[in-house]
Structures are given as C-alpha cells and as structure tokens.
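Student: The structure's right below; bear with me while I get my questions together.
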Amino acid sequence: MNLALLQPRLAVVEDNAHVAKAICHLAAKMGFTPHHYPTAADLLHADPARPPQGLILDLGLPDADGISLLDHIQTHFPTCGIIVVSGMEPTIIHAAGQLIEERGLPLIGTLHKPFHLKALQALLVQIRGERRHKERPPEEPREPITPQLLREAIEQRQFIPYYQPQTTTRDGEIVGFEALMRWNHPQWGIVSPARFIPLAARCGLLDRMTWIMLEQVARHWQQRNWEGITVSVNLPASFLDQEQLPERITRLIAGYGMHPACLVLEVTESEAMADIPRQHSNLIRLRVAGFPLSIDDFGTGYSSLISLYQLPFDELKIDQAFVMRADSDPVALEIIRALVFLARHLKMTLIAEGVETETIRRLLLEAGVARIQGYLVHEPMPFDALKKWRETYRPAPLASPEPPAAALPAKALLDISQQTLNNEAEPLATTLVEALRARKEEGHFQPLFAALFAAGTSITRLLTLLLRSEWMLLQQAMPAIQKLPDAEQYQAIRDQLDFFERLRRLAVETKEQEWQQRLEQSEHRAHKEHLDRILAENSVVWLRRRRVKLVTYLDEVPIQAQAKVVDIIGHIITVALDGEVAKVLAVNDYRAHIATQDNRERIAVEMLKLHNGNVRLALGEITPNHIGQRHHVRVRHPDQPEVTLAIHGQPAIHGRLVDISIAGARLALPATAAITRRIAVRCSFTLADRTINGKGIVRWTRDTEEQRLCGINLHCSSNDQRLLQEETLRLQRDLITRINNAKLPVLLQTALDAQE
C-alpha cells in the first residue's frame with residue numbers, strides 16, 4: 001500500500017521557489033504530502049477529487065492574487081484549513097484573514113514574510129487536528145423554538161444562570177463570576193443562548209428573563225456570601241428602558257442581603273439603544289446607587305468610544321474576537337494593547353473574554369491585561385457544580401520563563417557598541433543588545449531585559465545605544481533593501497523601527513517596576529525608622545524602671561505580665577524569665593506584644609532563645625493597640641446562648657451571643673440579617689437561667705461567608721447590668737484559671753526548673 005495516500009495532503013500556493021521548498025520540507029517531516037502550486041492557474045487545474053486537508057496561500061501570485069482563488073477554494077475545498085502567508089503589509093494580511101472567516105472557510109492563521117518555521121509548524125499541527133480551542137459537544141437536533149415555548153419556560157422559571165469564573169491573569173486568583181443565561185428544558189436539557197436569545201429579543205421577552213436571572217443570582221449570592229467577589233449579569237438594551245429601574249434592582253438584591261457593589265451590570269454593545277436619554281439616565285442612576293457598570297463586547301458594537309465618553313463605566317471587557325486571535329493575528333494583539341492603554345488612563349478594570357490557552361494568557365499578561373475569563377479557567381457551570389469547584393480550585397500562577405543562554409554578539413554590533421559605550425559598560429550592553437535580538441520572537445524577551453537592566457544599565461544610555469545601533473544597521477542594510485519590491489522595502493524598514501519601539505516600551509515598563517521596588521523599600525525603611533523612634537522614646541523608660549508590660553490575647557482577653565528588663569540592644573530586648581512571662585509566651589506559640597508607654601501602639605515580639613534564665617525577644621511589626629485601649633474587656637461565652645434582636649418596623653432576628661463585656665456584646669446573626677451600623681435595637685438573651693433585656697446601638701458589622709457579626713452597646717436595668725458584670729468577670733476568671741492550670745511547653749518548664 002502507498003503510505004502517501006494515507007497522509008494528509010497540503011497544497012502550497014507560493015510563487016517563491018525557495019520559500020515553497022522550505023515549507024514542503026517541513027510539511028513532509030510532519031507527515032504531510034505536500035504539493036507545490038507556483039501559480040493560481042496550477043491550483044485551478046488541480047484534481048478536485050483529492051482535496052487537500054490544508055492550504056498555504058500566498059496573496060501575491062504572478063498571474064492573480066490569492067483573494068481571487070477563494071471562490072474556487074470554497075466550491076471545491078470548503079473544509080480545507082487555510083494559512084495565509086504573504087510579504088504584504090500586515091493590515092492587508094489581516095483583512096484577507098477576516099474575509100476568509102466571513103466566507104465561512106476555516107482560517108488556521110496568518111504569517112508575515114519572513115516568518116519562523118516554528119510559527120508555521122504550530123499552525124500545521126492545528127491542521128492535523130490539534131485545535132487551539134476546546135471542542136464543544138455538538139447540540140442534538142431539536143424542534144423549532146417558538147415564542148409560546150419561551151413564554152411557558154418563563155412561567156416555569158426554566159432559565160437558570162451558569163457561572164464562569166474570572167481570575168487575575170498572573171496569579172489565577174478568583175475575582176468574580178459572570179452569570180450566563182441557559183435554558184434548562186425538561187426534555188432537551190441545557191439549551192445554548194444562541195438558539196433562543198435572538199427570538200426572545202424580537203418577541204420582547206428578554207426583559208422578563210433578565211429579571212429571573214437577577215433574582216437567582218441574588219439568591220445564590222445569599223447562600224454563599226462571597227466576600228470580595230463580584231457577580232456580573234448582562235442587561236440587554238431594552239431592559240434599560242424600564243421606569244424606576246434602579247429602585248427595582250436595589251429592592252430585589254436588598255431582599256437577599258446583597259450589596260450593590262457585589263453586582264456588576266454588563267451592558268452589551270452589540271445592541272443599539274432606542275430611547276437613549278432614558279437608558280443613559282438609568283445607567284447613571286444605577287452607578288450612583290453603587291452598582292459597577294461594565295461595557296461588554298467592547299469594540300464590536302455601537303459607538304464604543306461615545307459610550308465611554310458619555311457614561312460612567314467601571315469595567316471594560318475585550319471581546320473574544322480579538323482575544324482568541326491574539327497569538328496568530330498581530331493586529332488583534334495591537335488592538336488589545338491599545339485597549340489596555342485606554343483602560344489604564346481611564347482608570348477602568350479590563351477583562352479579556354475567551355481565553356483558552358496558556359499562550360494567549362501569557363500574551364495578555366505581557367500586554368498588561370490584569371483579568372481573564374474563558375475555558376482556560378473553567379467552562380460555565382451551574383451553581384451546584386460551582387460550589388464544589390470552588391472548594392477544590394487552586395490558583396495556578398503564570399511562571400516567568402527562564403531566559404536561555406546569551407547569544408553570541410555579531411561583529412557589526414560589537415563595532416557599534418565600542419563606539420558608543422565606555423569600557424565599563426561595553427560588555428554588559430553588547431550582551432544585552434545581542435540577547436534581545438536573539439530572543440525578540442520568544443517569551444524570554446522581557447525577563448532578560450529586566451534582569452540586565454537591574455544589573456545597572458542606565459535607561460538613557462541604553463536607549464542611546466539601541467537607537468544608534470538600529471540606525472547604523474539600517475544604513476548597512478539599505479543596499480540590500482533597495483533591491484526588494486516596494487512593499488517589502490517598506491516592511492523591512494518598519495521591522496527595524498518596530499524592534500526599537502518594542503525595546504523602548506519595555507524600558508519604560510522596567511523603569512516602572514524599579515520605582516515599585518523603591519516604593520516597597522521606602523515603606524520598609526519608614527517602618528524601621530518608626531520602630532527606632534518608638535524604641536528611642538520607650539527604651540530609656542523601660543531600662544530605668546526595669547519593667548516592660550508583656551501581653552498576649554486569648555479570645556481577645558489580655559493575658560499580661562510585668563517582665564524585668566535586662567538589656568536592649570538594637571531590635572533585641574532581653575527580659576528575665578519567670579512563671580508569669582512563661583505563661584504569656586506559652587499562650588501564642590512563643591509570640592506576644594509589648595505595649596508602648598502611651599498604650600496606643602504595640603510591638604510584636606518573638607522569642608529567639610533562652611540563656612541563663614533570660615529570654616531574648618526580637619522586636620517586629622508595630623500595629624495600633626485597639627484592644628488595649630478598650631474600656632471593658634470582652635470575653636467569649638462558651639455556651640453562646642440564643643439571642644433575639646428587635647428592630648422597629650422589621651421582623652425579629654435570631655442569632656447567637658458570641659462574647660460579652662460589662663457594657664456590650666458581640667452577636668452572630670444570619671448572613672441575610674438586614675442590620676447596619678448606628679441602628680437602634682432591642683436585645684434579649686438568657687444568662688445564668690435569667691433573661692436579660694436591654695437596648696442599644698449597633699457599633700459595627702462584619703460579614704463572613706456564613707454569618708454576619710455585629711457589636712452592640714447594651715443598656716439594661718441595674719439588676720440585669722449587675723448580672724451581666726458578674727457573668728463577664730466569672731468568664732474572665734475561668735479563662736485565667738484555665739491558663740494557670742495549663743501545662744507549660746517543655747522548653748519553658750525546663751528553663752524554670754533550672755532556675756529553681
């Protein structure tokens with residue numbers, strides 16, 4: 001059997017014999033059977049009975065242009081994967097690729113001459129069946145969808161949200177989710193929105209479906225209470241025509257305890273707005289109410305820049321049409337970079353949709369996109385699956401590539417470097433230029449640039465070297481460039497200038513990173529100076545009095561001891577070890593705090609070593625001493641009795657008493673409890689078989705994943721106040737007794753025994 005008949009065929013439509021030979025040689029090594037067609041007429045006379053699986057198309061052929069062959073390709077090779085290869089301007093190549101996709105032909109990618117064989121190899125791999133994007137399961141044929149079916153689905157609430165995660169590009173940390181509408185049909189299963197959204201929009205049913213989505217998203221948020229994570233919901237243009245829209249959405253989510261800042265409202269650009277004044281009014285009022293606004297599918301719809309100019313958007317989402325082509329289409333990547341520049345200067349959050357490969361993720365990170373969304377993180381999933389996925393998800397940071405060995409310097413660059421640099425900087429700068437040139441098409445470009453810049457090269461001197469190098473190389477190459485066709489002359493000169501511009505951008509980014517490091521060093525230096533100042537103010541007093549207050553906290557109850565100061569040297573303080581000091585150190589794994597003289601700050605200390613009955617403590621971070629400034633000590637109640645809160649005009653709220661003090665309490669309430677700061681409440685709970693009734697003001701609230709904590713000041717009758725005080729003191733005594741009876745660690749007990 002002829003094995004060539006089993007291999008995939010590759011048609012190479014290329015008039016340059018040297019380029020065609022290189023392509024055919026690579027294709028043969030990859031298992032293709034290549035066929036070279038030097039002219040358009042040769043392809044037109046090819047045998048249609050044996051269509052190729054892939055086709056490499058040059059746009060500039062001697063007898064016709066490549067675009068004129070698309071009719072023939074669409075008729076005889078409609079499933080053939082096409083790779084466009086040309087030396088024309090990138091905008092022409094990009095436009096040709098767009099035309100191929102508009103005609104429904106499978107475009108694998110585009111390459112600009114001269115190109116690297118590795119880039120072509122990656123595209124040929126895709127032709128052999130290893131697609132860039134994950135395959136979606138094909139939908140089974142179903143009966144036509146009618147408006148009546150949609151109305152029945154709305155009445156039965158069959159439309160449900162599927163959640164797709166949004167993460168940071170670099171670290172993979174979850175920052176939000178987008179709720180995407182799906183139809184959960186009882187017989188058909190999950191129906192794609194592409195099948196019913198257009199019909200629902202034409203029939204005026206999309207607004208009701210959106211309200212169903214908002215209600216379900218708020219209910220799901222209430223069940224999970226994701227702190228610091230947002231949920232995005234798409235609002236169609238017609239939805240914004242409704243009267244009292246901000247009030248209705250606010251009331252809806254408030255019923256589930258959801259804050260407006262947690263719900264991002266996405267407005268798609270693929271629809272034109274009908275009643276622009278009312279829709280703009282609603283959007284502005286929604287933003288005033290605290291809802292973040294996002295502009296979806298940016299760059300593909302109506303009046304993108306006008307929308308940014310007129311409305312207070314917080315977030316901009318790059319359409320997947322640009323993102324999914326970022327690794328194969330230079331124009332798409334440049335558009336993304338332009339959007340990064342726009343979002344950065346407008347102080348907007350930027351999210352890239354449709355990220356499906358690590359290659360695109362790395363390109364987006366290098367371009368400056370901070371957040372991504374797509375199948376690379378996870379496909380959209382129902383709420384039950386989302387809960388399980390979050391429990392097992394582990395962020396996958398994008399590792400920085402290691403730079404390979406430096407390239408050997410070329411003689412021309414050596415000569416230029418010797419003319420432009422002094423002897424000290426010459427080896428470094430020469431290596432830099434050559435290494436950057438050798439890696440300009442690889443992912444090692446930026447890390448190597450940053451590493452060599454950190455070695456001490458001046459930004460101004462570096463740019464001067466590169467500019468002179470590029471200019472002299474261009475002059476040396478001009479005789480050869482003038483022999484090229486006009487289009488290729490332009491491109492050859494542009495390649496030189498683009499390389500320099502790329503270096504200049506990286507130089508600026510590296511400089512900004514250096515400023516960030518200087519800022520961190522400055523903050524560290526300021527902290528050290530603050531610690532030195534605190535020591536200067538307190539160490540003399542501590543040494544003179546020979547005493548320092550060592551304190552730690554157990555359930556926010558201070559456990560303290562007066563320690564005898566032996567010496568203070570730098571950031572090391574030495575105190576004498578006794579039983580009280582040992583108890584304080586044992587409470588929190590040999591860590592404690594030293595309160596300053598004014599009791600407003602506390603210095604963290606950690607035990608370094610024990611020596612001759614003394615303890616050496618390393619002074620560390622300084623923090624405000626909020627607990628130490630409280631008038632009343634708060635202690636945790638072991639039984640956590642039930643408590644009932646009554647708020648005027650609202651139903652009673654039931655929760656638990658977490659801890660108490662002489663004048664107040666901290667309560668744990670359901671996550672849905674509608675309670676805010678500075679609100680008057682009546683409180684009732686049982687202590688020592690007696691019911692205590694009081695009233696007070698909510699001083700603070702804090703939300704966790706499952707509950708809402710709040711602190712209140714209590715005002716009770718004199719008898720209740722006495723009982724509250726006795727119970728608080730009893731709990732404090734029990735806690736101190738438990739600490740006194742606790743067994744000391746072996747290290748501390750051994751040191752105390754040695755002293756005796």
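Starting from 1 in every chain, residues are counted up; chains themselves are A, B, ... following the order of the structure tokens, and ligands are numbered from 1 as listed.
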From a DSSP pass on the backbone, collect the residues of segment 592-667 of chain A flagged as strand (DSSP E) and hand them back as JSON, numbers by chain.

Tutor: {"A": [592, 593, 594, 595, 601, 602, 603, 604, 605, 606, 607, 608, 609, 610, 611, 614, 615, 616, 617, 618, 619, 620, 621, 622, 623, 624, 635, 636, 642, 643, 644, 645, 646, 653, 654, 655, 656, 657, 658, 659, 660, 664, 665, 666, 667]}

Student: Near Pro78 of chain A, within 9 Å and counting only C-alpha atoms, which residues show up once chain neighbours fewer than 5 positions away are dropped, as a PyMOL selection string?

Tutor: chain A and resi 73+104-106

Student: I'd like to know which residues of segment 177-256 of chain A are alpha helix (DSSP H) (by DSSP, run on the backbone); could you write them as a CSV table (one decimal) with C-alpha atoms, in the first residue's frame?

Tutor:
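Writing the result to part_30.csv gives the following:
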chain,number,residue,atom,x,y,z
A,193,PRO,CA,-28.5,31.0,24.4
A,194,ALA,CA,-27.6,31.4,20.8
A,195,ARG,CA,-30.8,29.4,20.0
A,196,PHE,CA,-33.3,31.4,22.0
A,197,ILE,CA,-31.9,34.9,22.8
A,198,PRO,CA,-32.4,36.4,19.3
A,199,LEU,CA,-36.0,35.2,19.3
A,200,ALA,CA,-36.7,36.4,22.8
A,201,ALA,CA,-35.3,39.8,21.9
A,202,ARG,CA,-37.6,40.1,18.9
A,206,LEU,CA,-35.8,39.2,27.2
A,207,ASP,CA,-36.7,41.7,30.0
A,208,ARG,CA,-38.7,39.1,32.0
A,209,MET,CA,-35.9,36.6,31.5
A,210,THR,CA,-33.3,39.1,32.8
A,211,TRP,CA,-35.4,39.7,36.0
A,212,ILE,CA,-35.4,35.9,36.6
A,213,MET,CA,-31.6,35.9,36.2
A,214,LEU,CA,-31.1,38.8,38.6
A,215,GLU,CA,-33.3,37.1,41.2
A,216,GLN,CA,-31.5,33.8,41.0
A,217,VAL,CA,-28.1,35.4,41.1
A,218,ALA,CA,-29.0,37.4,44.3
A,219,ARG,CA,-30.4,34.2,45.9
A,220,HIS,CA,-27.2,32.3,45.1
A,221,TRP,CA,-25.0,35.1,46.4
A,222,GLN,CA,-27.0,35.0,49.6
A,223,GLN,CA,-26.4,31.2,50.0
A,224,ARG,CA,-22.6,31.6,49.5
A,245,LEU,CA,-35.2,50.5,37.2
A,246,PRO,CA,-32.5,51.4,39.8
A,247,GLU,CA,-35.1,51.3,42.6
A,248,ARG,CA,-36.4,47.9,41.5
A,249,ILE,CA,-33.0,46.3,41.2
A,250,THR,CA,-31.9,47.7,44.6
A,251,ARG,CA,-35.0,46.4,46.3
A,252,LEU,CA,-34.5,43.0,44.7
A,253,ILE,CA,-31.0,42.4,45.8
A,254,ALA,CA,-31.6,44.0,49.3

Student: Find, counting only C-alpha atoms, the residue in A:Trp700, A:Thr167, A:His185, A:Gln242 that gets nearest to Thr230 of chain A.

Tutor: A:Thr167

Student: Looking at A:Asn614, A:Thr91, A:Gln148, A:Gln279, which one is nearest to Phe239 of chain A, with distances taken over only C-alpha atoms?

Tutor: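 Answer, going by the shortest atom-to-atom distance: A:Gln279.
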